[in-house]
file target-v6.tsv (TSV, C-alpha atoms)
chain	number	residue	atom	x	y	z
A	6	MET	CA	86.17	99.05	89.46
A	7	ASN	CA	89.38	99.77	91.36
A	8	TYR	CA	90.89	96.98	93.45
A	9	ILE	CA	93.92	96.51	95.64
A	10	ALA	CA	95.72	93.20	96.18
A	11	LEU	CA	97.63	92.96	99.45
A	12	PHE	CA	100.25	90.24	99.56
A	13	ARG	CA	101.19	88.90	102.96
A	14	GLY	CA	104.78	87.92	103.70
A	15	ILE	CA	106.63	88.72	100.48
A	16	ASN	CA	110.03	90.40	100.43
A	17	VAL	CA	110.31	90.24	104.23
A	18	GLY	CA	113.67	89.29	105.69
A	19	GLY	CA	114.92	87.94	102.38
A	20	LYS	CA	112.12	85.36	102.15
A	21	ASN	CA	109.52	84.90	99.45
A	22	LYS	CA	111.28	87.29	97.09
A	23	VAL	CA	109.06	88.77	94.42
A	24	GLU	CA	110.18	91.45	91.99
A	25	MET	CA	107.44	94.04	91.66
A	26	PRO	CA	107.85	94.49	87.86
A	27	ARG	CA	107.38	90.73	87.43
A	28	LEU	CA	104.33	90.77	89.71
A	29	LYS	CA	102.90	93.72	87.79
A	30	SER	CA	103.40	91.79	84.53
A	31	LEU	CA	101.57	88.82	86.00
A	32	PHE	CA	98.55	91.01	86.75
A	33	GLU	CA	98.59	92.43	83.24
A	34	SER	CA	98.88	88.95	81.73
A	35	ILE	CA	95.63	87.85	83.40
A	36	GLY	CA	93.77	90.80	81.91
A	37	LEU	CA	93.80	93.33	84.74
A	38	ASP	CA	94.07	96.99	83.74
A	39	ASN	CA	95.97	100.07	84.95
A	40	VAL	CA	98.21	97.92	87.13
A	41	GLU	CA	100.56	99.71	89.54
A	42	SER	CA	102.69	98.41	92.35
A	43	TYR	CA	103.29	100.43	95.48
A	44	ILE	CA	106.43	99.76	97.52
A	45	ASN	CA	108.15	96.42	97.69
A	46	SER	CA	105.90	94.81	100.32
A	47	GLY	CA	103.27	93.64	97.85
A	48	ASN	CA	100.60	96.21	97.17
A	49	ILE	CA	99.12	96.04	93.68
A	50	ILE	CA	96.50	98.51	92.50
A	51	PHE	CA	94.45	97.66	89.41
A	52	ASN	CA	91.13	97.92	87.60
A	53	SER	CA	88.79	95.17	86.49
A	54	ASN	CA	85.15	94.68	85.57
A	55	ASP	CA	85.21	91.12	86.94
A	56	LYS	CA	83.80	90.11	90.31
A	57	ILE	CA	86.22	90.12	93.21
A	58	ASP	CA	86.08	86.34	93.84
A	59	ILE	CA	86.99	85.59	90.21
A	60	ILE	CA	89.87	88.07	90.32
A	61	TRP	CA	91.11	86.72	93.66
A	62	SER	CA	91.08	83.13	92.46
A	63	SER	CA	92.91	84.01	89.26
A	64	ILE	CA	95.60	85.96	91.12
A	65	GLU	CA	96.20	83.13	93.61
A	66	LYS	CA	96.41	80.44	90.93
A	67	ASN	CA	98.65	82.44	88.62
A	68	PHE	CA	100.89	83.69	91.43
A	69	LYS	CA	101.69	80.14	92.51
A	70	TYR	CA	102.35	79.12	88.91
A	71	GLU	CA	104.62	82.13	88.25
A	72	PHE	CA	106.57	82.24	91.51
A	73	GLY	CA	106.41	78.62	92.67
A	74	PHE	CA	105.07	79.24	96.17
A	75	ASP	CA	101.88	80.29	97.91
A	76	VAL	CA	101.37	83.39	100.00
A	77	PRO	CA	98.16	84.70	101.46
A	78	ILE	CA	96.66	87.32	99.17
A	79	LEU	CA	93.85	89.65	100.14
A	80	VAL	CA	91.91	91.49	97.43
A	81	LYS	CA	89.82	94.48	98.44
A	82	ALA	CA	87.74	96.95	96.48
A	83	GLN	CA	89.30	100.38	96.75
A	84	ASN	CA	85.99	101.68	98.14
A	85	ASP	CA	86.51	99.36	101.13
A	86	ILE	CA	90.04	100.70	101.65
A	87	ILE	CA	88.67	104.27	101.48
A	88	ARG	CA	85.96	103.46	104.04
A	89	ILE	CA	88.53	101.95	106.41
A	90	GLU	CA	90.94	104.86	105.97
A	91	LYS	CA	88.18	107.40	106.67
A	92	SER	CA	87.41	105.67	109.98
A	93	ILE	CA	90.97	106.27	111.22
A	94	PRO	CA	91.43	109.57	113.07
A	95	GLU	CA	93.30	112.08	110.92
A	96	ASN	CA	95.73	112.90	113.72
A	97	TRP	CA	96.95	109.28	113.91
A	98	GLN	CA	100.35	109.24	112.26
A	99	ASN	CA	103.39	107.08	111.73
A	100	ASN	CA	106.29	109.25	112.84
A	101	LYS	CA	108.85	109.60	115.65
A	102	GLU	CA	106.14	110.03	118.29
A	103	GLN	CA	103.38	107.70	117.08
A	104	LYS	CA	103.01	104.32	115.45
A	105	THR	CA	99.81	103.69	113.53
A	106	ASP	CA	99.15	100.50	111.58
A	107	VAL	CA	96.22	98.97	109.76
A	108	ALA	CA	95.73	95.21	109.92
A	109	PHE	CA	93.58	94.22	106.95
A	110	LEU	CA	91.51	91.16	107.82
A	111	PHE	CA	90.87	88.09	105.73
A	112	PRO	CA	87.11	87.36	105.57
A	113	GLU	CA	87.34	84.34	107.90
A	114	ILE	CA	88.15	86.54	110.91
A	115	ASP	CA	86.49	89.84	109.99
A	116	SER	CA	84.60	90.62	113.18
A	117	PRO	CA	84.63	93.32	115.87
A	118	ASP	CA	85.01	90.47	118.40
A	119	LEU	CA	88.62	90.23	117.25
A	120	LEU	CA	89.45	93.31	119.34
A	121	ASP	CA	88.80	91.38	122.55
A	122	GLN	CA	91.11	88.56	121.46
A	123	LEU	CA	94.22	90.60	120.67
A	124	PRO	CA	97.13	90.11	123.07
A	125	VAL	CA	97.73	93.84	123.59
A	126	ASN	CA	97.65	95.97	126.72
A	127	ARG	CA	94.78	98.35	125.95
A	128	ALA	CA	96.00	100.77	128.64
A	129	PHE	CA	98.82	101.76	126.28
A	130	ILE	CA	97.36	101.28	122.81
A	131	ASP	CA	94.19	102.48	121.11
A	132	VAL	CA	92.84	99.65	118.94
A	133	ARG	CA	89.69	99.99	116.83
A	134	TYR	CA	87.70	97.99	114.31
A	135	ALA	CA	86.15	98.93	110.98
A	136	LYS	CA	84.67	96.27	108.73
A	137	GLY	CA	87.64	94.68	106.98
A	138	ALA	CA	90.35	95.92	109.35
A	139	ILE	CA	91.58	96.65	112.81
A	140	PHE	CA	93.90	99.57	113.35
A	141	TRP	CA	95.92	100.88	116.22
A	142	ASN	CA	97.77	103.91	117.44
A	143	ILE	CA	100.40	104.02	120.11
A	144	ASP	CA	102.75	106.58	121.54
A	145	ARG	CA	106.15	105.08	120.64
A	146	LYS	CA	107.44	105.53	124.19
A	147	TYR	CA	104.83	102.97	125.31
A	148	GLN	CA	105.38	100.51	122.47
A	149	ASN	CA	106.99	97.85	124.68
A	150	LYS	CA	104.35	98.21	127.39
A	151	SER	CA	101.56	97.79	124.83
A	152	ASN	CA	102.54	94.20	123.99
A	153	LEU	CA	102.11	95.14	120.33
A	154	ASN	CA	104.99	92.81	119.47
A	155	LYS	CA	102.85	89.87	120.67
A	156	ILE	CA	100.46	90.27	117.75
A	157	ALA	CA	102.92	88.36	115.56
A	158	SER	CA	102.49	85.32	117.82
A	159	TYR	CA	98.69	85.67	117.87
A	160	LYS	CA	97.00	82.50	116.60
A	161	LEU	CA	95.08	84.32	113.85
A	162	TYR	CA	98.00	86.51	112.72
A	163	LYS	CA	98.29	84.50	109.51
A	164	LEU	CA	94.85	85.86	108.53
A	165	ILE	CA	95.81	89.54	108.68
A	166	THR	CA	98.17	91.64	106.63
A	167	VAL	CA	99.54	94.80	108.20
A	168	ARG	CA	100.38	98.09	106.53
A	169	ASN	CA	101.48	101.32	108.16
A	170	ILE	CA	99.05	104.20	108.05
A	171	ASN	CA	101.03	106.00	105.34
A	172	THR	CA	100.63	103.03	102.99
A	173	ALA	CA	96.94	102.63	103.86
A	174	ARG	CA	96.31	106.30	103.14
A	175	TYR	CA	98.16	106.11	99.84
A	176	LEU	CA	96.14	103.07	98.74
A	177	ALA	CA	92.88	104.79	99.70
A	178	ASN	CA	93.73	107.91	97.75
A	179	TRP	CA	95.21	106.36	94.63
call {"tool": "encode", "arguments": {"input": "target-v6.tsv", "output": "structure tokens"}}
result
Amino acid sequence: MNYIALFRGINVGGKNKVEMPRLKSLFESIGLDNVESYINSGNIIFNSNDKIDIIWSSIEKNFKYEFGFDVPILVKAQNDIIRIEKSIPENWQNNKEQKTDVAFLFPEIDSPDLLDQLPVNRAFIDVRYAKGAIFWNIDRKYQNKSNLNKIASYKLYKLITVRNINTARYLANW
């Protein structure tokens, strides 16, 4: 089965530096197959016949041993990423006019009720839920009015990991 590991908070602002070749080697050393990394923000694509909870636990344990620190890691079946990506309107883009992001949710907060808790101004941003993620689209000229920047201070922000739509689409179509 195809899986994707999404690392939260690595290689951001010079903190929690992780070299992708070293991370790829770690995945291979724990018996995962066809391992690929995608961009420097911590997206690892791989195959395994093991159950997701066993894989997840092994990655977390071995990551801390190899790199000496913890970061939140979310492991999703590629089928889940595909389902999420297909629920996002095709015309939502990440370009000069639009900003579209996908916030992948850790299981503890995966609920459509999350939409009502976000500190955004829904008059300026379209935010939707699909099991496993919330995603949004905004006209860049309204980005400041949307309060999108307040998501980083949201109390449950540590339980989401955000990717732009281009990355989410790549991961779905790998």
call {"tool": "axis_aligned_box", "arguments": {"input": "target-v6.tsv", "around": "stretch 96-108 of chain A", "padding_each_side": "5 Å", "output": "lines of an AutoDock Vina configuration file"}}
result
center_x = 102.3
center_y = 104.1
center_z = 114.0
size_x = 23.1
size_y = 27.7
size_z = 18.5
call {"tool": "atom_distance", "arguments": {"input": "target-v6.tsv", "atom1": "atom CA of A:Val132", "atom2": "atom CA of A:Trp61"}}
result
28.4 Å
call {"tool": "residues_around", "arguments": {"input": "target-v6.tsv", "residues": "A:Asn48", "least_positions_apart": "4", "cutoff": "7 Å", "atoms": "all atoms listed in the file", "output": "number ranges by chain"}}
result
A: 9-12, 42-44
call {"tool": "residues_around", "arguments": {"input": "target-v6.tsv", "residues": "A:Leu161", "least_positions_apart": "4", "cutoff": "12 Å", "atoms": "only C-alpha atoms", "output": "NGL selection string"}}
result
:A and (108 or 110-115 or 119-120 or 122-124 or 155-157 or 165-166)
call {"tool": "write_last_selection", "arguments": {"input": "target-v6.tsv", "atoms": "C-alpha atoms", "output": "mmCIF file, in the frame of the given file"}}
result
data_model
loop_
_atom_site.group_PDB
_atom_site.id
_atom_site.type_symbol
_atom_site.label_atom_id
_atom_site.label_comp_id
_atom_site.auth_asym_id
_atom_site.auth_seq_id
_atom_site.Cartn_x
_atom_site.Cartn_y
_atom_site.Cartn_z
ATOM 1 C CA ALA A 108 95.730 95.210 109.920
ATOM 2 C CA LEU A 110 91.510 91.160 107.820
ATOM 3 C CA PHE A 111 90.870 88.090 105.730
ATOM 4 C CA PRO A 112 87.110 87.360 105.570
ATOM 5 C CA GLU A 113 87.340 84.340 107.900
ATOM 6 C CA ILE A 114 88.150 86.540 110.910
ATOM 7 C CA ASP A 115 86.490 89.840 109.990
ATOM 8 C CA LEU A 119 88.620 90.230 117.250
ATOM 9 C CA LEU A 120 89.450 93.310 119.340
ATOM 10 C CA GLN A 122 91.110 88.560 121.460
ATOM 11 C CA LEU A 123 94.220 90.600 120.670
ATOM 12 C CA PRO A 124 97.130 90.110 123.070
ATOM 13 C CA LYS A 155 102.850 89.870 120.670
ATOM 14 C CA ILE A 156 100.460 90.270 117.750
ATOM 15 C CA ALA A 157 102.920 88.360 115.560
ATOM 16 C CA ILE A 165 95.810 89.540 108.680
ATOM 17 C CA THR A 166 98.170 91.640 106.630
#
call {"tool": "closest_residue", "arguments": {"input": "target-v6.tsv", "among": "A:Asn39, A:Ser63, A:Ser46, A:Asn142", "to": "A:Asn16", "atoms": "all atoms listed in the file"}}
result
A:Ser46
call {"tool": "residues_near_point", "arguments": {"input": "target-v6.tsv", "point": "(94.0, 98.9, 106.3)", "cutoff": "8 Å", "atoms": "all atoms listed in the file", "output": "list of chain:residue names"}}
result
A:Ile86, A:Ile89, A:Glu90, A:Asp106, A:Val107, A:Ala108, A:Phe109, A:Gly137, A:Ala138, A:Ile139, A:Phe140, A:Val167, A:Arg168, A:Ile170, A:Ala173
call {"tool": "atom_distance", "arguments": {"input": "target-v6.tsv", "atom1": "atom CA of A:Ser53", "atom2": "atom CA of A:Lys22"}}
result
26.1 Å
call {"tool": "residues_around", "arguments": {"input": "target-v6.tsv", "residues": "stretch 93-105 of chain A", "least_positions_apart": "6", "cutoff": "7 Å", "atoms": "all atoms listed in the file", "output": "MDAnalysis selection string"}}
result
chainID A and resid 141:145 169:171
call {"tool": "atom_distance", "arguments": {"input": "target-v6.tsv", "atom1": "atom CA of A:Gly47", "atom2": "atom CA of A:Tyr134"}}
result
23.1 Å
call {"tool": "residues_around", "arguments": {"input": "target-v6.tsv", "residues": "A:Asn54", "least_positions_apart": "6", "cutoff": "9 Å", "atoms": "all atoms listed in the file", "output": "ChimeraX atom specification"}}
result
/A:6-7,37
call {"tool": "residues_around", "arguments": {"input": "target-v6.tsv", "residues": "A:Asn52", "least_positions_apart": "3", "cutoff": "12 Å", "atoms": "all atoms listed in the file", "output": "MDAnalysis selection string"}}
result
chainID A and resid 6:10 32:33 35:41 49 55:57 60 80:83 179
call {"tool": "closest_residue", "arguments": {"input": "target-v6.tsv", "among": "A:Thr172, A:Asn178, A:Ser62, A:Asn67", "to": "A:Leu31", "atoms": "all atoms listed in the file"}}
result
A:Asn67
call {"tool": "closest_residue", "arguments": {"input": "target-v6.tsv", "among": "A:Ser30, A:Ile78, A:Ile130, A:Tyr159", "to": "A:Lys66", "atoms": "all atoms listed in the file"}}
result
A:Ile78
call {"tool": "closest_residue", "arguments": {"input": "target-v6.tsv", "among": "A:Val23, A:Leu79, A:Lys91, A:Lys146", "to": "A:Ile50", "atoms": "only C-alpha atoms"}}
result
A:Leu79
call {"tool": "closest_residue", "arguments": {"input": "target-v6.tsv", "among": "A:Ser151, A:Met25, A:Ala135, A:Pro77", "to": "A:Leu164", "atoms": "all atoms listed in the file"}}
result
A:Pro77
call {"tool": "build_atoms", "arguments": {"input": "target-v6.tsv", "residues": "stretch 63-88 of chain A", "atoms": "N, CA, C and O atoms", "output": "CSV table (one decimal), in the coordinates of the input"}}
result
chain,number,residue,atom,x,y,z
A,63,SER,N,92.0,83.9,90.4
A,63,SER,CA,92.9,84.0,89.3
A,63,SER,C,94.3,84.5,89.7
A,63,SER,O,95.3,83.9,89.3
A,64,ILE,N,94.3,85.5,90.6
A,64,ILE,CA,95.6,86.0,91.1
A,64,ILE,C,96.3,84.9,91.9
A,64,ILE,O,97.5,84.6,91.7
A,65,GLU,N,95.6,84.2,92.8
A,65,GLU,CA,96.2,83.1,93.6
A,65,GLU,C,96.8,82.0,92.7
A,65,GLU,O,97.9,81.6,92.9
A,66,LYS,N,96.0,81.5,91.8
A,66,LYS,CA,96.4,80.4,90.9
A,66,LYS,C,97.6,80.8,90.1
A,66,LYS,O,98.6,80.1,90.0
A,67,ASN,N,97.6,82.0,89.5
A,67,ASN,CA,98.6,82.4,88.6
A,67,ASN,C,99.9,82.8,89.4
A,67,ASN,O,101.0,82.7,88.9
A,68,PHE,N,99.7,83.4,90.6
A,68,PHE,CA,100.9,83.7,91.4
A,68,PHE,C,101.7,82.4,91.7
A,68,PHE,O,102.9,82.4,91.6
A,69,LYS,N,101.0,81.4,92.2
A,69,LYS,CA,101.7,80.1,92.5
A,69,LYS,C,102.4,79.6,91.3
A,69,LYS,O,103.5,79.1,91.4
A,70,TYR,N,101.7,79.6,90.1
A,70,TYR,CA,102.4,79.1,88.9
A,70,TYR,C,103.6,79.9,88.5
A,70,TYR,O,104.6,79.4,88.2
A,71,GLU,N,103.5,81.2,88.7
A,71,GLU,CA,104.6,82.1,88.2
A,71,GLU,C,105.8,82.1,89.2
A,71,GLU,O,106.9,82.1,88.8
A,72,PHE,N,105.5,82.1,90.5
A,72,PHE,CA,106.6,82.2,91.5
A,72,PHE,C,106.9,80.9,92.2
A,72,PHE,O,107.9,80.9,92.9
A,73,GLY,N,106.1,79.9,92.1
A,73,GLY,CA,106.4,78.6,92.7
A,73,GLY,C,106.1,78.4,94.1
A,73,GLY,O,106.5,77.5,94.7
A,74,PHE,N,105.4,79.4,94.8
A,74,PHE,CA,105.1,79.2,96.2
A,74,PHE,C,103.8,80.0,96.4
A,74,PHE,O,103.4,80.8,95.6
A,75,ASP,N,103.1,79.6,97.5
A,75,ASP,CA,101.9,80.3,97.9
A,75,ASP,C,102.2,81.4,99.0
A,75,ASP,O,103.1,81.2,99.8
A,76,VAL,N,101.4,82.4,98.9
A,76,VAL,CA,101.4,83.4,100.0
A,76,VAL,C,99.9,83.8,100.1
A,76,VAL,O,99.2,83.8,99.1
A,77,PRO,N,99.5,84.2,101.3
A,77,PRO,CA,98.2,84.7,101.5
A,77,PRO,C,98.0,86.0,100.7
A,77,PRO,O,98.9,86.9,100.8
A,78,ILE,N,96.9,86.1,100.0
A,78,ILE,CA,96.7,87.3,99.2
A,78,ILE,C,95.3,87.8,99.5
A,78,ILE,O,94.3,87.0,99.5
A,79,LEU,N,95.1,89.1,99.8
A,79,LEU,CA,93.8,89.6,100.1
A,79,LEU,C,93.5,90.7,99.0
A,79,LEU,O,94.3,91.5,98.7
A,80,VAL,N,92.3,90.5,98.5
A,80,VAL,CA,91.9,91.5,97.4
A,80,VAL,C,90.7,92.3,98.0
A,80,VAL,O,89.8,91.7,98.5
A,81,LYS,N,90.9,93.6,97.9
A,81,LYS,CA,89.8,94.5,98.4
A,81,LYS,C,89.4,95.5,97.4
A,81,LYS,O,90.3,96.0,96.6
A,82,ALA,N,88.2,95.8,97.3
A,82,ALA,CA,87.7,97.0,96.5
A,82,ALA,C,88.3,98.2,97.1
A,82,ALA,O,88.4,98.4,98.3
A,83,GLN,N,88.7,99.1,96.2
A,83,GLN,CA,89.3,100.4,96.8
A,83,GLN,C,88.3,101.1,97.6
A,83,GLN,O,88.7,101.8,98.6
A,84,ASN,N,87.0,101.0,97.3
A,84,ASN,CA,86.0,101.7,98.1
A,84,ASN,C,86.1,101.2,99.6
A,84,ASN,O,85.8,101.9,100.5
A,85,ASP,N,86.4,99.9,99.8
A,85,ASP,CA,86.5,99.4,101.1
A,85,ASP,C,87.7,99.9,101.8
A,85,ASP,O,87.7,100.3,103.0
A,86,ILE,N,88.8,100.1,101.1
A,86,ILE,CA,90.0,100.7,101.6
A,86,ILE,C,89.8,102.2,102.0
A,86,ILE,O,90.2,102.6,103.1
A,87,ILE,N,89.0,102.9,101.2
A,87,ILE,CA,88.7,104.3,101.5
A,87,ILE,C,87.8,104.3,102.7
A,87,ILE,O,88.1,105.2,103.6
A,88,ARG,N,86.8,103.5,102.9
A,88,ARG,CA,86.0,103.5,104.0
A,88,ARG,C,86.8,103.2,105.3
A,88,ARG,O,86.6,103.9,106.3
